[in-house]
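Below: one structure, written as structure tokens.
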Amino acid sequence: MPAPLPLRVFDAPADLGDALAREIADGIVAAAAAGVRYVLGCPGGRSPKPVYDALAEQVAARGLDLRHVVIAMMDEYVVASPDGYTDIDHGAHNSCHRFAAEEIVAPLNAAAGPGRGVPADAVWFPDPADPEAYDTRLADAGGIDLFILASGATDGHIAFNPPGAPRDSRSRVVELPDSTRRDNLGTFPDYASLDEVPRHGVTVGVQTIVSRSRRAVMVVHGEHKREAVRRLGAAGDYDPAWPATLVVTCEHPSLYVDRAAADAR
């Protein structure tokens with residue numbers, strides 16, 4: 001059985017973000033010294049934003065060069081087409097490609113300075129036309145140095161892995177349950193109603209995350225995430241009813257929460 005999930009409680013989301021950003025910055029420095037890539041696994045949404053903001057501050061303060069950094073994203077909304085599934089418009093308000101470009105890469109590259117940012121071809125996504133190729137790509141890259149993870153507030157989805165996701169699932173296109181789609185109404189406030197939230201997404205699998213991560217940190221903050229903290233803290237193994245519990249089976253996992261969310265324990 002996995003060991004209990006190590007827990008760190010922070011006064012505020014900004015403190016959580018700063019602590020994890022410092023660890024990531026240290027890893028970027030170490031990878032540069034070793035002459036290898038640093039692969040950072042990244043979700044979109046509200047939960048990791050304090051980490052991304054603090055990481056940009058670390059890059060600027062430490063003068064980091066990011067040309068060896070890879071941003072490995074988790075998922076994207078897709079729509080049906082005559083030939084299968086395709087990504088939604090990458091410029092749409094709810095696009096994970098847009099989020100990565102505007103909320104992660106642009107601030108990091110501005111902090112790094114001209115010619116020192118994350119290369120355009122080093123921002124990776126699963127492709128709905130061939131999802132399992134993403135697993136191969138991550139394996140060929142040597143895995144993910146650190147995967148930032150986040151849990152759905154009401155159903156524990158992780159990336160787009162819904163409740164019931166098999167432990168051995170790989171990157172694939174999935175149908176999104178209404179519980180996940182409702183959670184995402186808050187993630188993307190430009191939605192006018194649930195009807196506007198896409199019904200399918202391409203996502204990394206449970207096994208993809210577990211097998212390819214050398215370190216995994218679940219970030220949870222806010223009163224609305226108290227149930228997530230309770231579920232994650234009580235998990236002794238992967239529970240498909242709350243897929244974010246996969247973190248307990250990852251190598252070197254941690255749970256970082258703020259005090260507002262920690263009241264659940």
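Identifiers in the structure tokens: chain A, B, ... in order shown; residue index from 1 per chain; ligand index from 1 in order shown.
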Checklist entry - Quick one: DSSP helix (DSSP H, G or I) residues in region 31-252 of chain A, as a PyMOL selection string? => result chain A and resi 31-34+49-62+96-112+120-122+132-140+178-187+194-196+206-212+223-234+243-249
Residues of region 190-252 of chain A that have any atom at most 8 Å from an atom of region 121-145 of chain A: could you tabulate them with the shortest-distance atom pair and the distance in Å to one decimal, using only C-alpha atoms, ordered by chain and increasing number, as a Markdown table?
```
| residue | atom | partner | partner_atom | distance |
| --- | --- | --- | --- | --- |
| A:Val202 | CA | A:Pro128 | CA | 5.6 |
| A:Thr203 | CA | A:Pro126 | CA | 6.6 |
| A:Val204 | CA | A:Pro126 | CA | 6.9 |
| A:Thr208 | CA | A:Asp135 | CA | 6.2 |
| A:Arg212 | CA | A:Gly143 | CA | 4.6 |
| A:Ser213 | CA | A:Ile144 | CA | 4.8 |
| A:Arg214 | CA | A:Asp145 | CA | 5.3 |
| A:Arg215 | CA | A:Asp145 | CA | 6.2 |
```
Those same residues, written as an mmCIF file, in the first residue's frame with N, CA and C atoms?
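Result file is part-v9.cif:
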```
data_model
loop_
_atom_site.group_PDB
_atom_site.id
_atom_site.type_symbol
_atom_site.label_atom_id
_atom_site.label_comp_id
_atom_site.auth_asym_id
_atom_site.auth_seq_id
_atom_site.Cartn_x
_atom_site.Cartn_y
_atom_site.Cartn_z
ATOM 1 N N VAL A 202 -9.702 15.637 -24.716
ATOM 2 C CA VAL A 202 -8.573 14.717 -24.813
ATOM 3 C C VAL A 202 -7.727 14.933 -23.568
ATOM 4 N N THR A 203 -7.275 13.850 -22.960
ATOM 5 C CA THR A 203 -6.624 13.954 -21.659
ATOM 6 C C THR A 203 -5.512 12.937 -21.490
ATOM 7 N N VAL A 204 -4.522 13.297 -20.685
ATOM 8 C CA VAL A 204 -3.577 12.289 -20.204
ATOM 9 C C VAL A 204 -4.345 11.291 -19.351
ATOM 10 N N THR A 208 -0.790 7.337 -17.250
ATOM 11 C CA THR A 208 0.188 8.264 -17.832
ATOM 12 C C THR A 208 0.814 9.115 -16.746
ATOM 13 N N ARG A 212 4.722 8.311 -15.444
ATOM 14 C CA ARG A 212 5.675 9.223 -16.083
ATOM 15 C C ARG A 212 6.151 10.347 -15.177
ATOM 16 N N SER A 213 5.650 10.435 -13.939
ATOM 17 C CA SER A 213 6.031 11.533 -13.047
ATOM 18 C C SER A 213 7.096 11.088 -12.053
ATOM 19 N N ARG A 214 8.181 11.831 -11.980
ATOM 20 C CA ARG A 214 9.193 11.553 -10.962
ATOM 21 C C ARG A 214 8.884 12.261 -9.643
ATOM 22 N N ARG A 215 8.015 13.249 -9.698
ATOM 23 C CA ARG A 215 7.528 13.944 -8.514
ATOM 24 C C ARG A 215 6.161 14.506 -8.862
#
```
Checklist entry - Do you know which residues are at most 9 Å from Gly233 (chain A) counting only C-alpha atoms, after dropping those on the same chain fewer than 5 positions away, and could you put them as a PyMOL selection string? => result chain A and resi 4-7+228+245+255+265
Selected residues, C-alpha atoms, written as a PDB file, in the first residue's frame, please.
```pdb
ATOM      1  CA  PRO A   4       0.281   8.384   3.699  1.00  0.00           C
ATOM      2  CA  LEU A   5       0.313  11.437   1.476  1.00  0.00           C
ATOM      3  CA  PRO A   6       2.754  14.059   2.832  1.00  0.00           C
ATOM      4  CA  LEU A   7       0.849  17.250   3.627  1.00  0.00           C
ATOM      5  CA  ALA A 228     -11.073  17.344  -2.092  1.00  0.00           C
ATOM      6  CA  THR A 245      -6.386  10.150  -5.482  1.00  0.00           C
ATOM      7  CA  LEU A 255      -0.350  17.560  -1.001  1.00  0.00           C
ATOM      8  CA  ARG A 265      -8.977  17.592   8.080  1.00  0.00           C
TER       9      ARG A 265
END
```
Checklist entry - region 77-199 of chain A: which residues are strand (DSSP E or B) by DSSP, as a list in words? => result Tyr77, Val78, Val79, Ala80, Ser81, Gly84, Tyr85, Thr86, Asp87, Val123, Trp124, Ile144, Leu146, Phe147, Ile148, Leu149, Ile158, Asn161, Arg172, Val173, Val174 and Glu175 of chain A
Next on the checklist: If we count only C-alpha atoms and set the cut-off at 12 Å, which residues sit around Gly44 (chain A), ignoring sequence neighbours fewer than 5 positions away in its own chain? Please answer as a PyMOL selection string.
Outcome noted: chain A and resi 49-52+71-77+94-105+125+148-152+158-160+184+187-188+203
Checklist entry - Separation of CA of Ala111 (chain A) and CA of Ile209 (chain A), in Å? => result 28.4 Å
Next on the checklist: So that I can check the surroundings of region 189-197 of chain A, please list as a list in words every protein, DNA and RNA residue that reaches within 10 Å of it, counting only C-alpha atoms and ignoring chain neighbours fewer than 2 positions away.
Outcome noted: Tyr77, His93, Asn94, Leu176, Asp178, Thr180, Arg181, Arg182, Asp183, Asn184, Leu185, Gly186, Thr187, Arg199 and His200 of chain A
Checklist entry - To one decimal place, how far is CA of Glu227 (chain A) from CA of Trp242 (chain A) in Å? => result 10.5 Å
Checklist entry - So which residues touch Val78 (chain A) within 6 Å, counting only C-alpha atoms, skipping near sequence neighbours fewer than 4 positions away, as an MDAnalysis selection string? => result chainID A and resid 86:88 200:201
Checklist entry - For Arg62 (chain A), which residue among A:Pro48, A:Pro119, A:Pro177, A:Gly113 is the nearest when counting only C-alpha atoms? => result A:Gly113
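We find CA of Ile24 (chain A) and CA of Arg259 (chain A) to be spaced 22.4 Å apart.
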